[in-house]
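One structure is given here, and the rest of the page talks about it.
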Amino acid sequence: MQETDLSNQATVLASATDAIIHAEKIEKYYAQPSENRIQVISATDLSIVPGEILALLGPSGSGKSTMLRMLTGLSRPSAGEVYWHGKPISQAEINVSIVFQSFALFPWLTVLENVEAPLQARGVAPDERRERSMRMLDTVGLDGFEGAYPKELSGGMKQRVGFARALVVEPEVLFMDEPFSALDVLTAENLRSELLELWANKNMPTRAVFIVTHNIEEAVLLADRIIVLGRNPGHIRTDFKVQLPQPRDRKSEGFTQLVDYIYKVLTRPDVSPDEAPDHQHPVSKARDQRQMKYQMLPHARPGGVAGLLELLLDKGGCDDFYRMADDLAFEIDDLLPIVDAAQLLGFLKVEEGDAVITPAGTEFANSEILRQKELFRDAAVNNVLLLRQITRALEMKSDHTIPEEFFLDLLDEQFSEEESQRQMETAVAWGRYAELFDFDAARRRFMLPDAQGEEIASGGDEE
Ligand code: ADP
Ligand code: MG
């Protein structure tokens with residue numbers, strides 16, 4: 001243990017100088033049709049050092065792909081700089097490959113020609129091209145398929161071609177953006193372990209691997225180091241080394257502990273990286289002190305929240321979050337918004353990777369529908385700023401109606417246009433369910449339920 005501790009410290013110290021890729025205070029903004037620009041990544045430092053598989057984990061929309069694009073030189077940061085062996089990446093001769101979720105093969109080329117394509121682009125002579133590509137196809141288990149076209153292959157085989165094409169150029173860093181997400185569970189599992197085998201046996205010429213994923217278990221299975229991104233704007237929540245020996249056992253205590261910890265980080269914005277389980281060493285302390293006025297409303301339906309709480313109550317009011325996702329065959333991306341919503345409303349707490357129902361949650365889950373609406377209404381007004389504001393504004397205004405745009409303008413300060421719209425949709429769904437207000441979709445106006453009779457006398461049926 002001591003030896004690894006020392007080497008870890010050495011890696012941390014050396015990371016800025018020995019890094020293959022080093023990002024310094026990189027940020028990304030996107031222009032908006034309105035005068036605001038939206039920040040997708042806030043100032044972030046990140047190094048990729050030799051000898052490690054680094055996983056970048058985060059919910060969708062947190063900026064993982066954006067980060068990958070900046071680190072590979074595909075996209076320029078709006079501020080800050082990315083260095084390749086100490087040289088600004090735009091001036092450096094970089095050697096990286098990217099494997100995409102969507103395979104991105106040329107459909108008009110054979111398997112062999114697809115793998116040869118990047119070598120051809122680099123001006124490698126035909127004989128050598130062929131020889132290296134055939135060898136790589138052999139390595140990834142595709143010998144015999146060189147003459148096939150992508151459409152004749154299964155998803156797993158296509159992704160093998162993706163790997164062969166990425167590795168054939170002998171990249172110093174192999175980047176992957178959710179490479180297993182489009183595959184069925186078994187195929188993904190196979191490919192993951194084969195990749196690990198290639199890496200462990202040094203059968204791939206690559207010095208570092210950077211994998212983007214939203215799958216916690218995938219990160220814990222593969223990575224030597226895990227960085228968790230938070231969103232809005234994207235920023236590093238925690239960055240630590242995984243000390244579990246390879247091959248890793250999903251059922252081992254260390255494994256499930258780490259998965260639980262990461263669930264906790266993802267579901268609770270206030271968890272500090274110091275709380276990582278034993279032996280998982282924080283690489284850097286993440287600064288997470290941005291103050292956001294509006295909470296991000298999770299895109300979950302009130303019915304989903306009710307369903308989750310009822311399930312939880314069935315299990316005695318408390319269940320391991322990770323097992324629950326597994327039992328329900330839910331992906332983290334599906335379950336997280338519902339858990340987030342239940343937490344935001346005060347119906348649920350996440351502790352040590354367990355979802356624990358609160359007294360308010362228990363009452364909600366046990367109540368009849370009308371009482372549920374009442375409880376939801378109180379919880380929403382008390383806990384959700386946007387809903388409180390809409391309700392107050394409607395109460396104050398003499399005609400008890402107000403245009404959606406008024407609130408969109410407020411949200412626009414903080415969210416992208418697209419996200420503001422989605423925030424509004426969720427607020428409308430929650431507000432209607434709770435009978436806090438109604439929304440006239442044709443006129444894009446909120447109104448108090450009382451005013452509804454007069455207001456939509458000429459309009460269609462709401463709901
Ligand atoms: P992830 O890969 O984690 O799902 P992305 O990096 O794709 O996240 O996107 C992060 C955020 O940036 C999202 O909110 C997305 O809508 C926004 N975004 C990505 N690309 C653009 C773009 N070209 N213009 C505007 N916004 C963008
Ligand atoms: Mg992405």
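Chain labels run A, B, ... following the order of the structure tokens; each chain numbers its residues from 1, and ligands are numbered from 1 in the order shown.
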>> Using only C-alpha atoms and all ligand atoms, which residues have at least one atom no more than 6 Å from ligand 1? Output them as a VMD selection string.
In response: chain A and resid 30 40 60 to 66
Keeping only C-alpha atoms, write those residues as an mmCIF file, in the first residue's frame.
```cif
data_model
loop_
_atom_site.group_PDB
_atom_site.id
_atom_site.type_symbol
_atom_site.label_atom_id
_atom_site.label_comp_id
_atom_site.auth_asym_id
_atom_site.auth_seq_id
_atom_site.Cartn_x
_atom_site.Cartn_y
_atom_site.Cartn_z
ATOM 1 C CA TYR A 30 -21.604 29.270 -26.593
ATOM 2 C CA VAL A 40 -20.905 25.278 -20.665
ATOM 3 C CA SER A 60 -25.750 14.067 -19.680
ATOM 4 C CA GLY A 61 -25.392 17.710 -20.508
ATOM 5 C CA SER A 62 -22.617 18.240 -17.974
ATOM 6 C CA GLY A 63 -20.106 18.996 -20.717
ATOM 7 C CA LYS A 64 -18.195 15.721 -21.053
ATOM 8 C CA SER A 65 -18.117 15.735 -24.840
ATOM 9 C CA THR A 66 -17.288 19.421 -24.863
#
```
>> as a PyMOL selection string, please: every protein or nucleic acid residue near ligand 2 (cut-off 12 Å, counting only C-alpha atoms and all ligand atoms).
In response: chain A and resi 56-69+100-102+176-179+181+211-214+229
> If you count only C-alpha atoms, which residues fall within 8 Å of region 119-129 of chain A, apart from same-chain ones fewer than 3 positions away, as an MDAnalysis selection string?
Replying inline: chainID A and resid 115:116 132:133 168:169
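The smallest atom-to-atom distance between Leu191 (chain A) and any of A:Trp108, A:Phe175, A:Phe210, A:Phe163, using only C-alpha atoms, is found for A:Phe163.
Using only C-alpha atoms, the residues found no farther than 12 Å from Glu170 (chain A), other than those of its own chain fewer than 3 positions away, are Ile94, Asn95, Val96, Ser97, Ile98, Pro118, Leu119, Arg122, Arg132, Ser133, Met136, Phe163, Ala164, Arg165, Ala166, Leu167, Val173, Leu174, Lys202, Asn203, Met204, Pro205, Thr206, Arg207 and Ala208 of chain A.
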> If you run DSSP on the backbone, which residues of region 309-402 of chain A are strand (DSSP E), as JSON, numbers by chain?
Replying inline: {"A": [318, 319, 320, 348, 349, 350, 351, 354, 355, 356, 357, 401, 402]}
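Taking only C-alpha atoms into account, Glu374 (chain A) lies nearest to A:Arg432 out of the set A:Arg432, A:Lys315, A:Arg192, A:Arg135.
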>> I'd like the interatomic distance between CA of Leu386 (chain A) and CA of Phe347 (chain A), to a tenth of an Å.
In response: 18.5 Å
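The spacing separating CA of Gly73 (chain A) from CA of Ile89 (chain A) amounts to 6.3 Å.
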